[in-house]
>>> print(open('my_file08.cif').read())   # mmCIF, N, CA and C atoms
data_coords
#
loop_
_atom_site.group_PDB
_atom_site.id
_atom_site.type_symbol
_atom_site.label_atom_id
_atom_site.label_comp_id
_atom_site.auth_asym_id
_atom_site.auth_seq_id
_atom_site.Cartn_x
_atom_site.Cartn_y
_atom_site.Cartn_z
ATOM 1 N N MET A 1232 55.800 -50.351 78.050
ATOM 2 C CA MET A 1232 54.953 -49.497 77.227
ATOM 3 C C MET A 1232 53.688 -49.166 78.027
ATOM 4 N N PRO A 1233 53.355 -47.879 78.128
ATOM 5 C CA PRO A 1233 52.162 -47.488 78.887
ATOM 6 C C PRO A 1233 50.873 -48.078 78.294
ATOM 7 N N GLN A 1234 49.916 -48.277 79.168
ATOM 8 C CA GLN A 1234 48.639 -48.868 78.762
ATOM 9 C C GLN A 1234 47.937 -48.039 77.689
ATOM 10 N N THR A 1235 48.007 -46.712 77.804
ATOM 11 C CA THR A 1235 47.326 -45.857 76.817
ATOM 12 C C THR A 1235 47.916 -46.035 75.419
ATOM 13 N N VAL A 1236 49.218 -46.242 75.345
ATOM 14 C CA VAL A 1236 49.863 -46.460 74.040
ATOM 15 C C VAL A 1236 49.424 -47.798 73.455
ATOM 16 N N LYS A 1237 49.314 -48.811 74.299
ATOM 17 C CA LYS A 1237 48.847 -50.125 73.836
ATOM 18 C C LYS A 1237 47.422 -50.026 73.284
ATOM 19 N N ILE A 1238 46.585 -49.288 73.976
ATOM 20 C CA ILE A 1238 45.194 -49.113 73.523
ATOM 21 C C ILE A 1238 45.162 -48.362 72.196
ATOM 22 N N GLN A 1239 45.970 -47.313 72.082
ATOM 23 C CA GLN A 1239 46.028 -46.554 70.830
ATOM 24 C C GLN A 1239 46.495 -47.440 69.677
ATOM 25 N N LEU A 1240 47.528 -48.230 69.908
ATOM 26 C CA LEU A 1240 48.035 -49.112 68.856
ATOM 27 C C LEU A 1240 46.992 -50.138 68.435
ATOM 28 N N ALA A 1241 46.303 -50.717 69.405
ATOM 29 C CA ALA A 1241 45.258 -51.695 69.094
ATOM 30 C C ALA A 1241 44.138 -51.048 68.284
ATOM 31 N N TYR A 1242 43.761 -49.850 68.673
ATOM 32 C CA TYR A 1242 42.703 -49.126 67.959
ATOM 33 C C TYR A 1242 43.116 -48.837 66.514
ATOM 34 N N PHE A 1243 44.306 -48.245 66.336
ATOM 35 C CA PHE A 1243 44.764 -47.911 64.987
ATOM 36 C C PHE A 1243 44.962 -49.159 64.136
ATOM 37 N N LEU A 1244 45.406 -50.238 64.745
ATOM 38 C CA LEU A 1244 45.559 -51.492 64.007
ATOM 39 C C LEU A 1244 44.204 -52.002 63.524
ATOM 40 N N ALA A 1245 43.214 -51.995 64.393
ATOM 41 C CA ALA A 1245 41.882 -52.480 64.026
ATOM 42 C C ALA A 1245 41.258 -51.632 62.920
ATOM 43 N N VAL A 1246 41.320 -50.321 63.069
ATOM 44 C CA VAL A 1246 40.749 -49.423 62.060
ATOM 45 C C VAL A 1246 41.503 -49.555 60.736
ATOM 46 N N SER A 1247 42.819 -49.705 60.812
ATOM 47 C CA SER A 1247 43.629 -49.828 59.607
ATOM 48 C C SER A 1247 43.337 -51.123 58.851
ATOM 49 N N VAL A 1248 43.163 -52.214 59.581
ATOM 50 C CA VAL A 1248 42.852 -53.489 58.939
ATOM 51 C C VAL A 1248 41.494 -53.411 58.239
ATOM 52 N N ILE A 1249 40.517 -52.834 58.905
ATOM 53 C CA ILE A 1249 39.192 -52.680 58.285
ATOM 54 C C ILE A 1249 39.292 -51.775 57.058
ATOM 55 N N GLY A 1250 40.009 -50.674 57.172
ATOM 56 C CA GLY A 1250 40.196 -49.762 56.042
ATOM 57 C C GLY A 1250 40.903 -50.437 54.888
ATOM 58 N N LEU A 1251 41.906 -51.245 55.183
ATOM 59 C CA LEU A 1251 42.630 -51.994 54.158
ATOM 60 C C LEU A 1251 41.700 -52.954 53.428
ATOM 61 N N ILE A 1252 40.912 -53.693 54.181
ATOM 62 C CA ILE A 1252 39.974 -54.647 53.581
ATOM 63 C C ILE A 1252 38.963 -53.923 52.697
ATOM 64 N N LEU A 1253 38.422 -52.821 53.181
ATOM 65 C CA LEU A 1253 37.450 -52.055 52.392
ATOM 66 C C LEU A 1253 38.060 -51.515 51.104
ATOM 67 N N THR A 1254 39.296 -51.032 51.190
ATOM 68 C CA THR A 1254 39.972 -50.476 50.020
ATOM 69 C C THR A 1254 40.233 -51.547 48.968
ATOM 70 N N VAL A 1255 40.751 -52.679 49.395
ATOM 71 C CA VAL A 1255 41.028 -53.769 48.449
ATOM 72 C C VAL A 1255 39.725 -54.307 47.866
ATOM 73 N N TYR A 1256 38.704 -54.463 48.710
ATOM 74 C CA TYR A 1256 37.406 -54.925 48.214
ATOM 75 C C TYR A 1256 36.858 -53.969 47.156
ATOM 76 N N ASP A 1257 36.953 -52.663 47.398
ATOM 77 C CA ASP A 1257 36.437 -51.683 46.451
ATOM 78 C C ASP A 1257 37.200 -51.749 45.130
ATOM 79 N N LYS A 1258 38.497 -51.968 45.195
ATOM 80 C CA LYS A 1258 39.295 -52.097 43.969
ATOM 81 C C LYS A 1258 38.845 -53.319 43.174
ATOM 82 N N ILE A 1259 38.655 -54.425 43.852
ATOM 83 C CA ILE A 1259 38.209 -55.649 43.178
ATOM 84 C C ILE A 1259 36.814 -55.448 42.604
ATOM 85 N N ALA A 1260 35.928 -54.834 43.373
ATOM 86 C CA ALA A 1260 34.560 -54.588 42.902
ATOM 87 C C ALA A 1260 34.555 -53.652 41.697
ATOM 88 N N ALA A 1261 35.442 -52.681 41.692
ATOM 89 C CA ALA A 1261 35.508 -51.731 40.578
ATOM 90 C C ALA A 1261 36.006 -52.413 39.314
ATOM 91 N N LYS A 1262 36.912 -53.333 39.480
ATOM 92 C CA LYS A 1262 37.524 -53.993 38.330
ATOM 93 C C LYS A 1262 36.674 -55.130 37.782
ATOM 94 N N ILE A 1263 36.080 -55.899 38.660
ATOM 95 C CA ILE A 1263 35.376 -57.106 38.232
ATOM 96 C C ILE A 1263 33.866 -56.906 38.169
ATOM 97 N N ALA A 1264 33.279 -56.607 39.282
ATOM 98 C CA ALA A 1264 31.821 -56.608 39.370
ATOM 99 C C ALA A 1264 31.187 -55.303 38.886
ATOM 100 N N LYS A 1265 31.880 -54.201 39.089
ATOM 101 C CA LYS A 1265 31.363 -52.869 38.779
ATOM 102 C C LYS A 1265 30.055 -52.568 39.507
ATOM 103 N N ARG A 1266 29.844 -53.215 40.610
ATOM 104 C CA ARG A 1266 28.706 -52.912 41.476
ATOM 105 C C ARG A 1266 29.062 -53.337 42.897
ATOM 106 N N HIS A 1267 28.186 -53.042 43.811
ATOM 107 C CA HIS A 1267 28.437 -53.333 45.231
ATOM 108 C C HIS A 1267 29.746 -52.699 45.685
ATOM 109 N N ARG A 1268 29.958 -51.469 45.257
ATOM 110 C CA ARG A 1268 31.170 -50.744 45.617
ATOM 111 C C ARG A 1268 31.040 -50.179 47.028
ATOM 112 N N VAL A 1269 32.163 -49.886 47.617
ATOM 113 C CA VAL A 1269 32.194 -49.236 48.923
ATOM 114 C C VAL A 1269 32.053 -47.736 48.671
ATOM 115 N N PRO A 1270 31.068 -47.095 49.266
ATOM 116 C CA PRO A 1270 30.913 -45.649 49.063
ATOM 117 C C PRO A 1270 32.153 -44.877 49.531
ATOM 118 N N GLU A 1271 32.482 -43.811 48.785
ATOM 119 C CA GLU A 1271 33.635 -42.993 49.151
ATOM 120 C C GLU A 1271 33.499 -42.429 50.565
ATOM 121 N N LYS A 1272 32.275 -42.164 50.959
ATOM 122 C CA LYS A 1272 32.014 -41.647 52.301
ATOM 123 C C LYS A 1272 32.513 -42.624 53.375
ATOM 124 N N ILE A 1273 32.313 -43.908 53.140
ATOM 125 C CA ILE A 1273 32.771 -44.935 54.090
ATOM 126 C C ILE A 1273 34.296 -44.995 54.108
ATOM 127 N N LEU A 1274 34.917 -44.955 52.928
ATOM 128 C CA LEU A 1274 36.379 -44.982 52.860
ATOM 129 C C LEU A 1274 36.978 -43.775 53.589
ATOM 130 N N MET A 1275 36.404 -42.605 53.355
ATOM 131 C CA MET A 1275 36.899 -41.401 54.027
ATOM 132 C C MET A 1275 36.683 -41.488 55.539
ATOM 133 N N THR A 1276 35.557 -42.042 55.946
ATOM 134 C CA THR A 1276 35.275 -42.180 57.380
ATOM 135 C C THR A 1276 36.332 -43.035 58.067
ATOM 136 N N PHE A 1277 36.683 -44.163 57.451
ATOM 137 C CA PHE A 1277 37.704 -45.016 58.061
ATOM 138 C C PHE A 1277 39.073 -44.348 58.018
ATOM 139 N N GLY A 1278 39.311 -43.516 57.016
ATOM 140 C CA GLY A 1278 40.544 -42.736 56.994
ATOM 141 C C GLY A 1278 40.596 -41.761 58.144
ATOM 142 N N ILE A 1279 39.493 -41.062 58.361
ATOM 143 C CA ILE A 1279 39.410 -40.079 59.441
ATOM 144 C C ILE A 1279 39.478 -40.758 60.815
ATOM 145 N N LEU A 1280 38.924 -41.937 60.917
ATOM 146 C CA LEU A 1280 38.935 -42.657 62.197
ATOM 147 C C LEU A 1280 40.310 -43.197 62.576
ATOM 148 N N GLY A 1281 41.262 -43.149 61.631
ATOM 149 C CA GLY A 1281 42.615 -43.588 61.969
ATOM 150 C C GLY A 1281 43.268 -44.512 60.962
ATOM 151 N N GLY A 1282 42.580 -44.839 59.896
ATOM 152 C CA GLY A 1282 43.151 -45.765 58.923
ATOM 153 C C GLY A 1282 43.795 -45.097 57.720
ATOM 154 N N ALA A 1283 43.931 -43.781 57.747
ATOM 155 C CA ALA A 1283 44.403 -43.037 56.575
ATOM 156 C C ALA A 1283 45.780 -43.483 56.095
ATOM 157 N N LEU A 1284 46.704 -43.711 56.985
ATOM 158 C CA LEU A 1284 48.059 -44.060 56.574
ATOM 159 C C LEU A 1284 48.083 -45.372 55.795
ATOM 160 N N VAL A 1285 47.522 -46.408 56.367
ATOM 161 C CA VAL A 1285 47.515 -47.715 55.702
ATOM 162 C C VAL A 1285 46.689 -47.660 54.424
ATOM 163 N N MET A 1286 45.552 -46.983 54.469
ATOM 164 C CA MET A 1286 44.699 -46.885 53.288
ATOM 165 C C MET A 1286 45.398 -46.118 52.171
ATOM 166 N N TYR A 1287 46.111 -45.054 52.520
ATOM 167 C CA TYR A 1287 46.836 -44.270 51.507
ATOM 168 C C TYR A 1287 47.940 -45.115 50.863
ATOM 169 N N ILE A 1288 48.670 -45.840 51.684
ATOM 170 C CA ILE A 1288 49.738 -46.694 51.152
ATOM 171 C C ILE A 1288 49.170 -47.754 50.221
ATOM 172 N N ILE A 1289 48.112 -48.434 50.640
ATOM 173 C CA ILE A 1289 47.542 -49.493 49.801
ATOM 174 C C ILE A 1289 46.931 -48.910 48.530
ATOM 175 N N MET A 1290 46.324 -47.731 48.625
ATOM 176 C CA MET A 1290 45.770 -47.092 47.425
ATOM 177 C C MET A 1290 46.868 -46.791 46.412
ATOM 178 N N GLN A 1291 48.038 -46.392 46.893
ATOM 179 C CA GLN A 1291 49.160 -46.137 45.990
ATOM 180 C C GLN A 1291 49.673 -47.449 45.384
ATOM 181 N N LEU A 1292 49.752 -48.489 46.193
ATOM 182 C CA LEU A 1292 50.271 -49.771 45.720
ATOM 183 C C LEU A 1292 49.364 -50.433 44.686
ATOM 184 N N ILE A 1293 48.044 -50.363 44.915
ATOM 185 C CA ILE A 1293 47.126 -51.021 43.980
ATOM 186 C C ILE A 1293 46.526 -50.043 42.978
ATOM 187 N N ARG A 1294 47.000 -48.795 43.015
ATOM 188 C CA ARG A 1294 46.548 -47.747 42.103
ATOM 189 C C ARG A 1294 45.023 -47.605 42.109
ATOM 190 N N HIS A 1295 44.509 -47.347 43.284
ATOM 191 C CA HIS A 1295 43.063 -47.203 43.443
ATOM 192 C C HIS A 1295 42.749 -45.821 44.007
ATOM 193 N N LYS A 1296 41.943 -45.076 43.293
ATOM 194 C CA LYS A 1296 41.501 -43.738 43.674
ATOM 195 C C LYS A 1296 42.660 -42.749 43.781
ATOM 196 N N THR A 1297 43.735 -43.001 43.078
ATOM 197 C CA THR A 1297 44.902 -42.114 43.145
ATOM 198 C C THR A 1297 44.676 -40.816 42.381
ATOM 199 N N ARG A 1298 43.716 -40.782 41.478
ATOM 200 C CA ARG A 1298 43.419 -39.558 40.728
ATOM 201 C C ARG A 1298 42.352 -38.704 41.399
ATOM 202 N N LYS A 1299 41.678 -39.272 42.356
ATOM 203 C CA LYS A 1299 40.637 -38.520 43.068
ATOM 204 C C LYS A 1299 41.300 -37.586 44.068
ATOM 205 N N ARG A 1300 41.077 -36.300 43.875
ATOM 206 C CA ARG A 1300 41.713 -35.292 44.728
ATOM 207 C C ARG A 1300 41.377 -35.487 46.203
ATOM 208 N N LYS A 1301 40.136 -35.901 46.464
ATOM 209 C CA LYS A 1301 39.686 -36.128 47.835
ATOM 210 C C LYS A 1301 40.610 -37.090 48.567
ATOM 211 N N PHE A 1302 41.094 -38.101 47.865
ATOM 212 C CA PHE A 1302 41.961 -39.101 48.481
ATOM 213 C C PHE A 1302 43.437 -38.743 48.333
ATOM 214 N N ALA A 1303 43.822 -38.228 47.170
ATOM 215 C CA ALA A 1303 45.226 -37.903 46.901
ATOM 216 C C ALA A 1303 45.738 -36.789 47.802
ATOM 217 N N VAL A 1304 44.882 -35.838 48.136
ATOM 218 C CA VAL A 1304 45.272 -34.728 49.005
ATOM 219 C C VAL A 1304 44.716 -34.930 50.413
ATOM 220 N N GLY A 1305 43.500 -35.414 50.491
ATOM 221 C CA GLY A 1305 42.826 -35.551 51.784
ATOM 222 C C GLY A 1305 43.512 -36.499 52.741
ATOM 223 N N PHE A 1306 43.917 -37.666 52.253
ATOM 224 C CA PHE A 1306 44.535 -38.641 53.157
ATOM 225 C C PHE A 1306 45.875 -38.157 53.712
ATOM 226 N N PRO A 1307 46.762 -37.570 52.894
ATOM 227 C CA PRO A 1307 47.996 -37.038 53.497
ATOM 228 C C PRO A 1307 47.724 -35.957 54.548
ATOM 229 N N VAL A 1308 46.731 -35.119 54.309
ATOM 230 C CA VAL A 1308 46.380 -34.094 55.305
ATOM 231 C C VAL A 1308 45.871 -34.761 56.579
ATOM 232 N N ILE A 1309 45.026 -35.758 56.432
ATOM 233 C CA ILE A 1309 44.498 -36.491 57.590
ATOM 234 C C ILE A 1309 45.641 -37.156 58.354
ATOM 235 N N ILE A 1310 46.595 -37.730 57.632
ATOM 236 C CA ILE A 1310 47.736 -38.404 58.272
ATOM 237 C C ILE A 1310 48.523 -37.413 59.132
ATOM 238 N N VAL A 1311 48.785 -36.241 58.602
ATOM 239 C CA VAL A 1311 49.524 -35.220 59.355
ATOM 240 C C VAL A 1311 48.736 -34.798 60.590
ATOM 241 N N LEU A 1312 47.441 -34.557 60.426
ATOM 242 C CA LEU A 1312 46.607 -34.135 61.559
ATOM 243 C C LEU A 1312 46.530 -35.213 62.633
ATOM 244 N N GLU A 1313 46.339 -36.470 62.208
ATOM 245 C CA GLU A 1313 46.246 -37.568 63.174
ATOM 246 C C GLU A 1313 47.569 -37.774 63.903
ATOM 247 N N THR A 1314 48.667 -37.708 63.174
ATOM 248 C CA THR A 1314 49.987 -37.869 63.794
ATOM 249 C C THR A 1314 50.230 -36.770 64.819
ATOM 250 N N THR A 1315 49.899 -35.557 64.444
ATOM 251 C CA THR A 1315 50.055 -34.425 65.363
ATOM 252 C C THR A 1315 49.189 -34.614 66.604
ATOM 253 N N ALA A 1316 47.955 -35.055 66.412
ATOM 254 C CA ALA A 1316 47.046 -35.253 67.540
ATOM 255 C C ALA A 1316 47.541 -36.348 68.478
ATOM 256 N N VAL A 1317 48.025 -37.450 67.925
ATOM 257 C CA VAL A 1317 48.515 -38.550 68.762
ATOM 258 C C VAL A 1317 49.755 -38.115 69.546
ATOM 259 N N ILE A 1318 50.672 -37.419 68.873
ATOM 260 C CA ILE A 1318 51.877 -36.945 69.561
ATOM 261 C C ILE A 1318 51.495 -35.962 70.674
ATOM 262 N N ALA A 1319 50.614 -35.037 70.375
ATOM 263 C CA ALA A 1319 50.196 -34.058 71.380
ATOM 264 C C ALA A 1319 49.503 -34.738 72.553
ATOM 265 N N PHE A 1320 48.624 -35.687 72.257
ATOM 266 C CA PHE A 1320 47.906 -36.401 73.302
ATOM 267 C C PHE A 1320 48.879 -37.130 74.219
ATOM 268 N N ASN A 1321 49.833 -37.843 73.622
ATOM 269 C CA ASN A 1321 50.798 -38.595 74.437
ATOM 270 C C ASN A 1321 51.762 -37.667 75.172
ATOM 271 N N PHE A 1322 52.081 -36.535 74.591
ATOM 272 C CA PHE A 1322 52.960 -35.566 75.257
ATOM 273 C C PHE A 1322 52.264 -34.980 76.486
ATOM 274 N N LEU A 1323 50.974 -34.706 76.346
ATOM 275 C CA LEU A 1323 50.221 -34.132 77.464
ATOM 276 C C LEU A 1323 50.048 -35.125 78.606
ATOM 277 N N LEU A 1324 50.045 -36.412 78.294
ATOM 278 C CA LEU A 1324 49.890 -37.437 79.338
ATOM 279 C C LEU A 1324 51.142 -37.619 80.171
ATOM 280 N N THR A 1325 52.294 -37.251 79.623
ATOM 281 C CA THR A 1325 53.544 -37.479 80.362
ATOM 282 C C THR A 1325 53.944 -36.280 81.185
#
>>> encode(input="my_file08.cif", output="structure tokens")
Amino acid sequence: MPQTVKIQLAYFLAVSVIGLILTVYDKIAAKIAKRHRVPEKILMTFGILGGALVMYIIMQLIRHKTRKRKFAVGFPVIIVLETTAVIAFNFLLT
């Protein structure tokens, strides 16, 4: 496996884990504490940085922010754009 692919995987894994933790924390905070929530801006930022796929899946599983259009439509669009960008980037390197 080329070094660039390993770096990409490590990056997406790290961003996805952070996004997952933030999403689950926000769900718990919304249900229990109703304060100290994670701002939507932060959730979207981690989605844009590469965590959209994992965050979208977990949001569907725990039913968090599934009615918010920003997340219901935005994350799938981000996933398509990120996938296209990664494929194009790796295609250009070969």
>>> atom_distance(input="my_file08.cif", atom1="CA of Lys1296 in chain A", atom2="CA of Glu1313 in chain A")
21.0 Å
>>> atom_distance(input="my_file08.cif", atom1="atom C of His1295 in chain A", atom2="CA of Met1275 in chain A")
12.4 Å
>>> closest_residue(input="my_file08.cif", among="A:Val1255, A:Ile1310, A:Val1285, A:Ile1318", to="Val1269 in chain A", atoms="only C-alpha atoms")
A:Val1255
>>> closest_residue(input="my_file08.cif", among="A:Ile1309, A:Leu1292, A:Leu1323, A:Leu1280", to="Tyr1242 in chain A", atoms="all atoms listed in the file")
A:Leu1280
>>> closest_residue(input="my_file08.cif", among="A:Leu1324, A:Thr1314, A:Ala1303, A:Ile1249", to="Thr1276 in chain A", atoms="only C-alpha atoms")
A:Ile1249
>>> select_by_dssp(input="my_file08.cif", residues="chain A", states="helix (DSSP H, G or I)", output="JSON, numbers by chain")
{"A": [1234, 1235, 1236, 1237, 1238, 1239, 1240, 1241, 1242, 1243, 1244, 1245, 1246, 1247, 1248, 1249, 1250, 1251, 1252, 1253, 1254, 1255, 1256, 1257, 1258, 1259, 1260, 1261, 1262, 1263, 1264, 1271, 1272, 1273, 1274, 1275, 1276, 1277, 1278, 1279, 1280, 1281, 1282, 1283, 1284, 1285, 1286, 1287, 1288, 1289, 1290, 1291, 1292, 1293, 1300, 1301, 1302, 1303, 1305, 1306, 1307, 1308, 1309, 1310, 1311, 1312, 1313, 1314, 1315, 1316, 1317, 1318, 1319, 1320, 1321, 1322, 1323, 1324]}
>>> closest_residue(input="my_file08.cif", among="A:Thr1254, A:Ser1247, A:Asn1321, A:Thr1315", to="Arg1294 in chain A", atoms="only C-alpha atoms")
A:Thr1254
>>> residues_around(input="my_file08.cif", residues="Met1286 in chain A", least_positions_apart="4", cutoff="6 Å", atoms="all atoms listed in the file", output="count of residues only")
5
>>> atom_distance(input="my_file08.cif", atom1="atom N of Ile1288 in chain A", atom2="atom C of Ile1263 in chain A")
22.9 Å
>>> closest_residue(input="my_file08.cif", among="A:Val1317, A:Ala1245, A:Phe1306, A:Ala1264", to="Ile1279 in chain A", atoms="only N, CA and C atoms")
A:Phe1306
>>> closest_residue(input="my_file08.cif", among="A:Met1232, A:Ile1293, A:Ala1319, A:Leu1253", to="Phe1277 in chain A", atoms="only C-alpha atoms")
A:Leu1253
>>> build_atoms(input="my_file08.cif", residues="range 1266-1285 of chain A", atoms="N, CA, C and O atoms", output="PDB file, keeping the file's coordinate frame")
ATOM      1  N   ARG A1266      29.844 -53.215  40.610  1.00  0.00           N
ATOM      2  CA  ARG A1266      28.706 -52.912  41.476  1.00  0.00           C
ATOM      3  C   ARG A1266      29.062 -53.337  42.897  1.00  0.00           C
ATOM      4  O   ARG A1266      30.102 -53.932  43.124  1.00  0.00           O
ATOM      5  N   HIS A1267      28.186 -53.042  43.811  1.00  0.00           N
ATOM      6  CA  HIS A1267      28.437 -53.333  45.231  1.00  0.00           C
ATOM      7  C   HIS A1267      29.746 -52.699  45.685  1.00  0.00           C
ATOM      8  O   HIS A1267      30.532 -53.322  46.376  1.00  0.00           O
ATOM      9  N   ARG A1268      29.958 -51.469  45.257  1.00  0.00           N
ATOM     10  CA  ARG A1268      31.170 -50.744  45.617  1.00  0.00           C
ATOM     11  C   ARG A1268      31.040 -50.179  47.028  1.00  0.00           C
ATOM     12  O   ARG A1268      29.949 -50.020  47.554  1.00  0.00           O
ATOM     13  N   VAL A1269      32.163 -49.886  47.617  1.00  0.00           N
ATOM     14  CA  VAL A1269      32.194 -49.236  48.923  1.00  0.00           C
ATOM     15  C   VAL A1269      32.053 -47.736  48.671  1.00  0.00           C
ATOM     16  O   VAL A1269      32.840 -47.160  47.915  1.00  0.00           O
ATOM     17  N   PRO A1270      31.068 -47.095  49.266  1.00  0.00           N
ATOM     18  CA  PRO A1270      30.913 -45.649  49.063  1.00  0.00           C
ATOM     19  C   PRO A1270      32.153 -44.877  49.531  1.00  0.00           C
ATOM     20  O   PRO A1270      32.781 -45.236  50.531  1.00  0.00           O
ATOM     21  N   GLU A1271      32.482 -43.811  48.785  1.00  0.00           N
ATOM     22  CA  GLU A1271      33.635 -42.993  49.151  1.00  0.00           C
ATOM     23  C   GLU A1271      33.499 -42.429  50.565  1.00  0.00           C
ATOM     24  O   GLU A1271      34.484 -42.263  51.274  1.00  0.00           O
ATOM     25  N   LYS A1272      32.275 -42.164  50.959  1.00  0.00           N
ATOM     26  CA  LYS A1272      32.014 -41.647  52.301  1.00  0.00           C
ATOM     27  C   LYS A1272      32.513 -42.624  53.375  1.00  0.00           C
ATOM     28  O   LYS A1272      33.094 -42.217  54.380  1.00  0.00           O
ATOM     29  N   ILE A1273      32.313 -43.908  53.140  1.00  0.00           N
ATOM     30  CA  ILE A1273      32.771 -44.935  54.090  1.00  0.00           C
ATOM     31  C   ILE A1273      34.296 -44.995  54.108  1.00  0.00           C
ATOM     32  O   ILE A1273      34.914 -45.072  55.172  1.00  0.00           O
ATOM     33  N   LEU A1274      34.917 -44.955  52.928  1.00  0.00           N
ATOM     34  CA  LEU A1274      36.379 -44.982  52.860  1.00  0.00           C
ATOM     35  C   LEU A1274      36.978 -43.775  53.589  1.00  0.00           C
ATOM     36  O   LEU A1274      37.931 -43.918  54.356  1.00  0.00           O
ATOM     37  N   MET A1275      36.404 -42.605  53.355  1.00  0.00           N
ATOM     38  CA  MET A1275      36.899 -41.401  54.027  1.00  0.00           C
ATOM     39  C   MET A1275      36.683 -41.488  55.539  1.00  0.00           C
ATOM     40  O   MET A1275      37.542 -41.072  56.318  1.00  0.00           O
ATOM     41  N   THR A1276      35.557 -42.042  55.946  1.00  0.00           N
ATOM     42  CA  THR A1276      35.275 -42.180  57.380  1.00  0.00           C
ATOM     43  C   THR A1276      36.332 -43.035  58.067  1.00  0.00           C
ATOM     44  O   THR A1276      36.840 -42.669  59.125  1.00  0.00           O
ATOM     45  N   PHE A1277      36.683 -44.163  57.451  1.00  0.00           N
ATOM     46  CA  PHE A1277      37.704 -45.016  58.061  1.00  0.00           C
ATOM     47  C   PHE A1277      39.073 -44.348  58.018  1.00  0.00           C
ATOM     48  O   PHE A1277      39.896 -44.565  58.909  1.00  0.00           O
ATOM     49  N   GLY A1278      39.311 -43.516  57.016  1.00  0.00           N
ATOM     50  CA  GLY A1278      40.544 -42.736  56.994  1.00  0.00           C
ATOM     51  C   GLY A1278      40.596 -41.761  58.144  1.00  0.00           C
ATOM     52  O   GLY A1278      41.596 -41.647  58.850  1.00  0.00           O
ATOM     53  N   ILE A1279      39.493 -41.062  58.361  1.00  0.00           N
ATOM     54  CA  ILE A1279      39.410 -40.079  59.441  1.00  0.00           C
ATOM     55  C   ILE A1279      39.478 -40.758  60.815  1.00  0.00           C
ATOM     56  O   ILE A1279      40.056 -40.212  61.754  1.00  0.00           O
ATOM     57  N   LEU A1280      38.924 -41.937  60.917  1.00  0.00           N
ATOM     58  CA  LEU A1280      38.935 -42.657  62.197  1.00  0.00           C
ATOM     59  C   LEU A1280      40.310 -43.197  62.576  1.00  0.00           C
ATOM     60  O   LEU A1280      40.509 -43.665  63.689  1.00  0.00           O
ATOM     61  N   GLY A1281      41.262 -43.149  61.631  1.00  0.00           N
ATOM     62  CA  GLY A1281      42.615 -43.588  61.969  1.00  0.00           C
ATOM     63  C   GLY A1281      43.268 -44.512  60.962  1.00  0.00           C
ATOM     64  O   GLY A1281      44.408 -44.914  61.151  1.00  0.00           O
ATOM     65  N   GLY A1282      42.580 -44.839  59.896  1.00  0.00           N
ATOM     66  CA  GLY A1282      43.151 -45.765  58.923  1.00  0.00           C
ATOM     67  C   GLY A1282      43.795 -45.097  57.720  1.00  0.00           C
ATOM     68  O   GLY A1282      44.190 -45.770  56.770  1.00  0.00           O
ATOM     69  N   ALA A1283      43.931 -43.781  57.747  1.00  0.00           N
ATOM     70  CA  ALA A1283      44.403 -43.037  56.575  1.00  0.00           C
ATOM     71  C   ALA A1283      45.780 -43.483  56.095  1.00  0.00           C
ATOM     72  O   ALA A1283      45.998 -43.624  54.889  1.00  0.00           O
ATOM     73  N   LEU A1284      46.704 -43.711  56.985  1.00  0.00           N
ATOM     74  CA  LEU A1284      48.059 -44.060  56.574  1.00  0.00           C
ATOM     75  C   LEU A1284      48.083 -45.372  55.795  1.00  0.00           C
ATOM     76  O   LEU A1284      48.598 -45.432  54.674  1.00  0.00           O
ATOM     77  N   VAL A1285      47.522 -46.408  56.367  1.00  0.00           N
ATOM     78  CA  VAL A1285      47.515 -47.715  55.702  1.00  0.00           C
ATOM     79  C   VAL A1285      46.689 -47.660  54.424  1.00  0.00           C
ATOM     80  O   VAL A1285      47.094 -48.201  53.395  1.00  0.00           O
TER      81      VAL A1285
END
